[in-house]
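Reading through the structure tokens given below for one structure.
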Amino acid sequence: MGLRVVIDAEPDLTVVGEAADGAEVVPLVRELRPDVVLMDVRMPGINGIRATEQLVGGMAEPPRILVVTTFEHDDHVYDALRAGAAGFLLKRARAEEMVQAVRLVARGDSLLFPAAVRELAVRHGTDRRRESSAGRGPVGRLTEREGQVLRLMATGLNNGEIAARLVVSQETVKTHVGSVLAKLGARDRTQAVIAAYESGFVLPG
């Protein structure tokens, strides 16, 4: 109810539906076709991770998914990000932070919290890093410049900030980001950053 009040108060945002548990999410999303889904990571029945997997894997054009959680270091957050969520939002976030996050993912951006993702990667990526290396797999196909862009993405920089750091145009950065996503088979920046950590290409710390 609190989220509905906050979102509906914005002239450019509208709540089109609500689901009481994960089992209701998928059919409701198929019916209403929202641009963004605020997905509680912990729900009765089907949890937010499974519901995210079903939406991302079962729809040709799934909505952008923003996981809502109490704790940024919740183990389920990492699983939800790997499943295809564009980012996560803390339940204690201020109203203006919530609506900004919705607008951000609605326009196709990812909501990254680099420090939290790094910590989650430390806990979850160790075994995967043992089985992989920066020189193998999709990450190994990146050019030197694309690798630089990916490392800067992992720090949470946006395209403009990356362009300033590399002294290139934003359009050039956008092209590199698109190439990185394509080579990694990543849906968005969040997926690319997770792949970077899990491959050992970017090391936590």
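Ordering of the structure tokens sets the chain letters (A, B, ...); residue numbers start at 1 within each chain; ligands are numbered from 1 in the order shown.
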**For Ala186 of chain A: contacts at 12 Å, only C-alpha atoms, fewer than 2 positions along chain excluded, given as JSON, numbers by chain** = {"A": [81, 82, 83, 84, 85, 86, 110, 138, 139, 150, 177, 178, 179, 180, 181, 182, 183, 184, 188, 189, 190, 191, 192, 193, 194, 195, 196]}
Write the selection just made, keeping N, CA, C and O atoms, as a CSV table (one decimal), in the first residue's frame?
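See part.csv below for the written result:
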chain,number,residue,atom,x,y,z
A,81,LEU,N,19.4,-11.4,-9.2
A,81,LEU,CA,20.1,-10.6,-10.2
A,81,LEU,C,20.6,-11.6,-11.3
A,81,LEU,O,20.5,-11.3,-12.5
A,82,ARG,N,21.1,-12.7,-10.9
A,82,ARG,CA,21.5,-13.7,-11.9
A,82,ARG,C,20.4,-14.2,-12.7
A,82,ARG,O,20.5,-14.6,-13.9
A,83,ALA,N,19.2,-14.2,-12.1
A,83,ALA,CA,18.0,-14.7,-12.8
A,83,ALA,C,17.5,-13.7,-13.9
A,83,ALA,O,16.7,-14.0,-14.7
A,84,GLY,N,18.0,-12.4,-13.8
A,84,GLY,CA,17.5,-11.5,-14.8
A,84,GLY,C,17.0,-10.2,-14.2
A,84,GLY,O,16.6,-9.3,-15.0
A,85,ALA,N,17.0,-10.0,-12.9
A,85,ALA,CA,16.6,-8.7,-12.4
A,85,ALA,C,17.5,-7.6,-12.7
A,85,ALA,O,18.7,-7.8,-12.8
A,86,ALA,N,17.0,-6.4,-13.0
A,86,ALA,CA,17.8,-5.3,-13.4
A,86,ALA,C,18.5,-4.6,-12.3
A,86,ALA,O,19.4,-3.7,-12.5
A,110,SER,N,20.4,-0.1,-15.6
A,110,SER,CA,20.4,-1.1,-14.5
A,110,SER,C,20.7,-0.3,-13.2
A,110,SER,O,21.3,0.8,-13.3
A,138,PRO,N,33.1,-16.4,-22.7
A,138,PRO,CA,32.7,-15.2,-23.4
A,138,PRO,C,33.5,-13.9,-23.0
A,138,PRO,O,33.8,-13.1,-23.9
A,139,VAL,N,33.9,-13.8,-21.7
A,139,VAL,CA,34.7,-12.7,-21.3
A,139,VAL,C,36.0,-12.6,-22.1
A,139,VAL,O,36.5,-11.5,-22.4
A,150,LEU,N,34.0,-2.8,-19.3
A,150,LEU,CA,33.3,-3.7,-18.4
A,150,LEU,C,33.8,-3.5,-17.0
A,150,LEU,O,33.0,-3.5,-16.0
A,177,VAL,N,29.5,-0.8,-24.8
A,177,VAL,CA,28.6,-1.5,-23.9
A,177,VAL,C,27.7,-2.5,-24.6
A,177,VAL,O,27.5,-3.6,-24.2
A,178,GLY,N,27.1,-2.1,-25.7
A,178,GLY,CA,26.3,-3.0,-26.5
A,178,GLY,C,27.1,-4.2,-27.0
A,178,GLY,O,26.6,-5.3,-26.9
A,179,SER,N,28.3,-4.0,-27.4
A,179,SER,CA,29.2,-5.1,-27.8
A,179,SER,C,29.5,-6.1,-26.6
A,179,SER,O,29.5,-7.3,-26.8
A,180,VAL,N,29.8,-5.5,-25.4
A,180,VAL,CA,30.0,-6.3,-24.2
A,180,VAL,C,28.8,-7.2,-23.9
A,180,VAL,O,28.9,-8.4,-23.7
A,181,LEU,N,27.6,-6.6,-23.9
A,181,LEU,CA,26.4,-7.3,-23.6
A,181,LEU,C,26.2,-8.4,-24.6
A,181,LEU,O,25.9,-9.6,-24.2
A,182,ALA,N,26.4,-8.1,-25.9
A,182,ALA,CA,26.2,-9.1,-26.9
A,182,ALA,C,27.2,-10.3,-26.8
A,182,ALA,O,26.8,-11.5,-26.8
A,183,LYS,N,28.5,-10.0,-26.5
A,183,LYS,CA,29.5,-11.1,-26.4
A,183,LYS,C,29.3,-11.9,-25.2
A,183,LYS,O,29.6,-13.1,-25.2
A,184,LEU,N,28.8,-11.3,-24.1
A,184,LEU,CA,28.5,-12.0,-22.8
A,184,LEU,C,27.2,-12.7,-22.8
A,184,LEU,O,26.9,-13.5,-21.9
A,188,ASP,N,21.5,-7.1,-19.6
A,188,ASP,CA,21.7,-5.7,-19.2
A,188,ASP,C,23.1,-5.6,-18.5
A,188,ASP,O,23.8,-6.6,-18.4
A,189,ARG,N,23.3,-4.4,-18.0
A,189,ARG,CA,24.6,-4.2,-17.3
A,189,ARG,C,24.8,-5.0,-16.1
A,189,ARG,O,25.9,-5.5,-15.8
A,190,THR,N,23.7,-5.3,-15.3
A,190,THR,CA,23.8,-6.1,-14.1
A,190,THR,C,24.3,-7.5,-14.5
A,190,THR,O,25.2,-8.0,-13.8
A,191,GLN,N,23.7,-8.1,-15.5
A,191,GLN,CA,24.1,-9.4,-15.9
A,191,GLN,C,25.6,-9.4,-16.3
A,191,GLN,O,26.3,-10.4,-16.1
A,192,ALA,N,26.0,-8.4,-17.0
A,192,ALA,CA,27.4,-8.3,-17.5
A,192,ALA,C,28.3,-8.2,-16.3
A,192,ALA,O,29.4,-8.9,-16.3
A,193,VAL,N,28.0,-7.4,-15.3
A,193,VAL,CA,28.9,-7.2,-14.2
A,193,VAL,C,29.0,-8.6,-13.4
A,193,VAL,O,30.1,-8.9,-12.9
A,194,ILE,N,27.9,-9.2,-13.2
A,194,ILE,CA,27.9,-10.5,-12.5
A,194,ILE,C,28.8,-11.5,-13.3
A,194,ILE,O,29.6,-12.2,-12.7
A,195,ALA,N,28.7,-11.5,-14.6
A,195,ALA,CA,29.5,-12.4,-15.4
A,195,ALA,C,31.0,-12.1,-15.2
A,195,ALA,O,31.9,-12.9,-15.2
A,196,ALA,N,31.3,-10.8,-15.1
A,196,ALA,CA,32.7,-10.3,-14.9
A,196,ALA,C,33.2,-10.8,-13.6
A,196,ALA,O,34.4,-11.3,-13.5
**Prompt:** Would you give me, as a ChimeraX atom specification, the residues in segment 41-86 of chain A that DSSP reads as alpha helix (DSSP H)?
**Reply:** /A:48-58,75-83
**Item:** Selected residue of minimal separation from Val202 of chain A among A:Met39, A:Leu152, A:Leu142, A:Val68, counting only C-alpha atoms
**Value:**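 That would be A:Leu152, the residue with the smallest distance to Val202 of chain A.
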**Request:** Please identify all polymer residues within 10 Å of Asn158 of chain A, counting only C-alpha atoms, omitting same-chain residues fewer than 5 positions from it, and present them as a list in words.
**Result:** Asp109, Ser110, Leu112, Leu152, Met153, Ala163, Gln170, Val173, Lys174 and Arg189 of chain A
**Message:** Residues near segment 17-21 of chain A, anyone? I mean within 8 Å using only C-alpha atoms, not counting same-chain ones fewer than 3 positions away, as a PyMOL selection string.
**Reply:** chain A and resi 24-25+28+32+43-47
Limited to C-alpha atoms, could you put the picked residues into a file as a short mmCIF file (atom, residue, chain, number, x, y, z; two decimals), in the first residue's frame?
data_model
loop_
_atom_site.label_atom_id
_atom_site.label_comp_id
_atom_site.auth_asym_id
_atom_site.auth_seq_id
_atom_site.Cartn_x
_atom_site.Cartn_y
_atom_site.Cartn_z
CA GLU A 24 0.10 -14.55 -9.08
CA VAL A 25 2.92 -12.55 -10.64
CA LEU A 28 -0.82 -10.91 -13.95
CA LEU A 32 -1.29 -6.26 -17.76
CA MET A 43 7.06 -14.19 -1.02
CA PRO A 44 4.85 -17.14 -0.09
CA GLY A 45 4.32 -19.85 -2.67
CA ILE A 46 6.73 -18.99 -5.49
CA ASN A 47 9.47 -16.63 -4.30
#
**Message:** Just checking: using only C-alpha atoms, which residue out of A:Pro27, A:Leu89, A:Arg145, A:Asn159 ends up closest to Glu171 of chain A?
**Reply:** A:Asn159
Long-range neighbours of Leu3 of chain A as a PDB file with C-alpha atoms, in the first residue's frame, 10 Å cut-off, only C-alpha atoms, 2 positions minimum in chain:
ATOM      1  CA  MET A   1       0.000   0.000   0.000  1.00  0.00           C
ATOM      2  CA  VAL A   5       0.741   5.642  -2.687  1.00  0.00           C
ATOM      3  CA  VAL A   6       4.310   6.745  -3.474  1.00  0.00           C
ATOM      4  CA  ILE A   7       4.225   5.649  -7.120  1.00  0.00           C
ATOM      5  CA  ASP A   8       0.704   6.827  -7.937  1.00  0.00           C
ATOM      6  CA  ALA A   9       1.601  10.262  -6.613  1.00  0.00           C
ATOM      7  CA  VAL A  15       0.487   1.148 -10.570  1.00  0.00           C
ATOM      8  CA  LEU A  38       8.717  -4.394  -8.253  1.00  0.00           C
ATOM      9  CA  LYS A  91      12.505  -1.399   1.463  1.00  0.00           C
ATOM     10  CA  ALA A  95      10.185   7.749  -1.532  1.00  0.00           C
ATOM     11  CA  MET A  98      12.043   4.506  -5.071  1.00  0.00           C
ATOM     12  CA  VAL A  99      10.509   6.516  -7.903  1.00  0.00           C
TER      13      VAL A  99
END
**Message:** If we count only C-alpha atoms and set the cut-off at 10 Å, which residues sit around Arg107 of chain A, ignoring sequence neighbours fewer than 3 positions away in its own chain? Please answer as an NGL selection string.
**Reply:** :A and (35-36 or 64 or 102-104 or 110)
For the selection you just gave me, I'd like the residues written to a file as a PDB file, in the first residue's frame, keeping N, CA, C and O atoms.
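Written out: selection34.pdb:
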ATOM      1  N   ASP A  35       5.653  -2.071 -17.577  1.00  0.00           N
ATOM      2  CA  ASP A  35       7.027  -1.789 -18.000  1.00  0.00           C
ATOM      3  C   ASP A  35       8.024  -2.243 -16.944  1.00  0.00           C
ATOM      4  O   ASP A  35       9.127  -2.689 -17.257  1.00  0.00           O
ATOM      5  N   VAL A  36       7.640  -2.112 -15.667  1.00  0.00           N
ATOM      6  CA  VAL A  36       8.515  -2.448 -14.545  1.00  0.00           C
ATOM      7  C   VAL A  36       7.739  -3.276 -13.526  1.00  0.00           C
ATOM      8  O   VAL A  36       6.567  -3.000 -13.256  1.00  0.00           O
ATOM      9  N   ARG A  64      11.035  -4.987 -17.114  1.00  0.00           N
ATOM     10  CA  ARG A  64      12.219  -4.772 -16.295  1.00  0.00           C
ATOM     11  C   ARG A  64      11.838  -5.103 -14.852  1.00  0.00           C
ATOM     12  O   ARG A  64      10.771  -4.703 -14.371  1.00  0.00           O
ATOM     13  N   VAL A 102      12.574   3.312 -10.228  1.00  0.00           N
ATOM     14  CA  VAL A 102      11.592   2.823 -11.197  1.00  0.00           C
ATOM     15  C   VAL A 102      11.818   3.492 -12.546  1.00  0.00           C
ATOM     16  O   VAL A 102      11.822   2.832 -13.597  1.00  0.00           O
ATOM     17  N   ARG A 103      12.023   4.794 -12.541  1.00  0.00           N
ATOM     18  CA  ARG A 103      12.264   5.510 -13.801  1.00  0.00           C
ATOM     19  C   ARG A 103      13.548   5.026 -14.468  1.00  0.00           C
ATOM     20  O   ARG A 103      13.622   4.892 -15.687  1.00  0.00           O
ATOM     21  N   LEU A 104      14.553   4.768 -13.655  1.00  0.00           N
ATOM     22  CA  LEU A 104      15.856   4.353 -14.182  1.00  0.00           C
ATOM     23  C   LEU A 104      15.749   3.037 -14.934  1.00  0.00           C
ATOM     24  O   LEU A 104      16.199   2.922 -16.083  1.00  0.00           O
ATOM     25  N   SER A 110      20.351  -0.134 -15.643  1.00  0.00           N
ATOM     26  CA  SER A 110      20.424  -1.065 -14.524  1.00  0.00           C
ATOM     27  C   SER A 110      20.679  -0.289 -13.244  1.00  0.00           C
ATOM     28  O   SER A 110      21.314   0.757 -13.258  1.00  0.00           O
TER      29      SER A 110
END
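In this model, the gap between atom CA of Asp79 of chain A and atom CA of Glu144 of chain A comes to 29.1 Å.
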**Top pick for closest residue to His76 of chain A, considering A:Ala60, A:Val41, A:Leu13, A:Leu90 and counting only C-alpha atoms** =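 Ranking A:Ala60, A:Val41, A:Leu13, A:Leu90 by distance to His76 of chain A, first place goes to A:Val41.
Relative to atom CA of Ile65 of chain A, atom CA of Gly156 of chain A is found at 18.3 Å.
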**Message:** Please determine, counting only C-alpha atoms, which residue among A:Arg50, A:Arg151, A:Arg187, A:Arg4 has the shortest atom-to-atom distance to Gly22 of chain A.
**Reply:**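 Nearest candidate to Gly22 of chain A out of A:Arg50, A:Arg151, A:Arg187, A:Arg4: A:Arg50.
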**Prompt:** By how many Å are atom CA of Arg92 of chain A and atom CA of Thr69 of chain A apart?
**Reply:** 8.8 Å
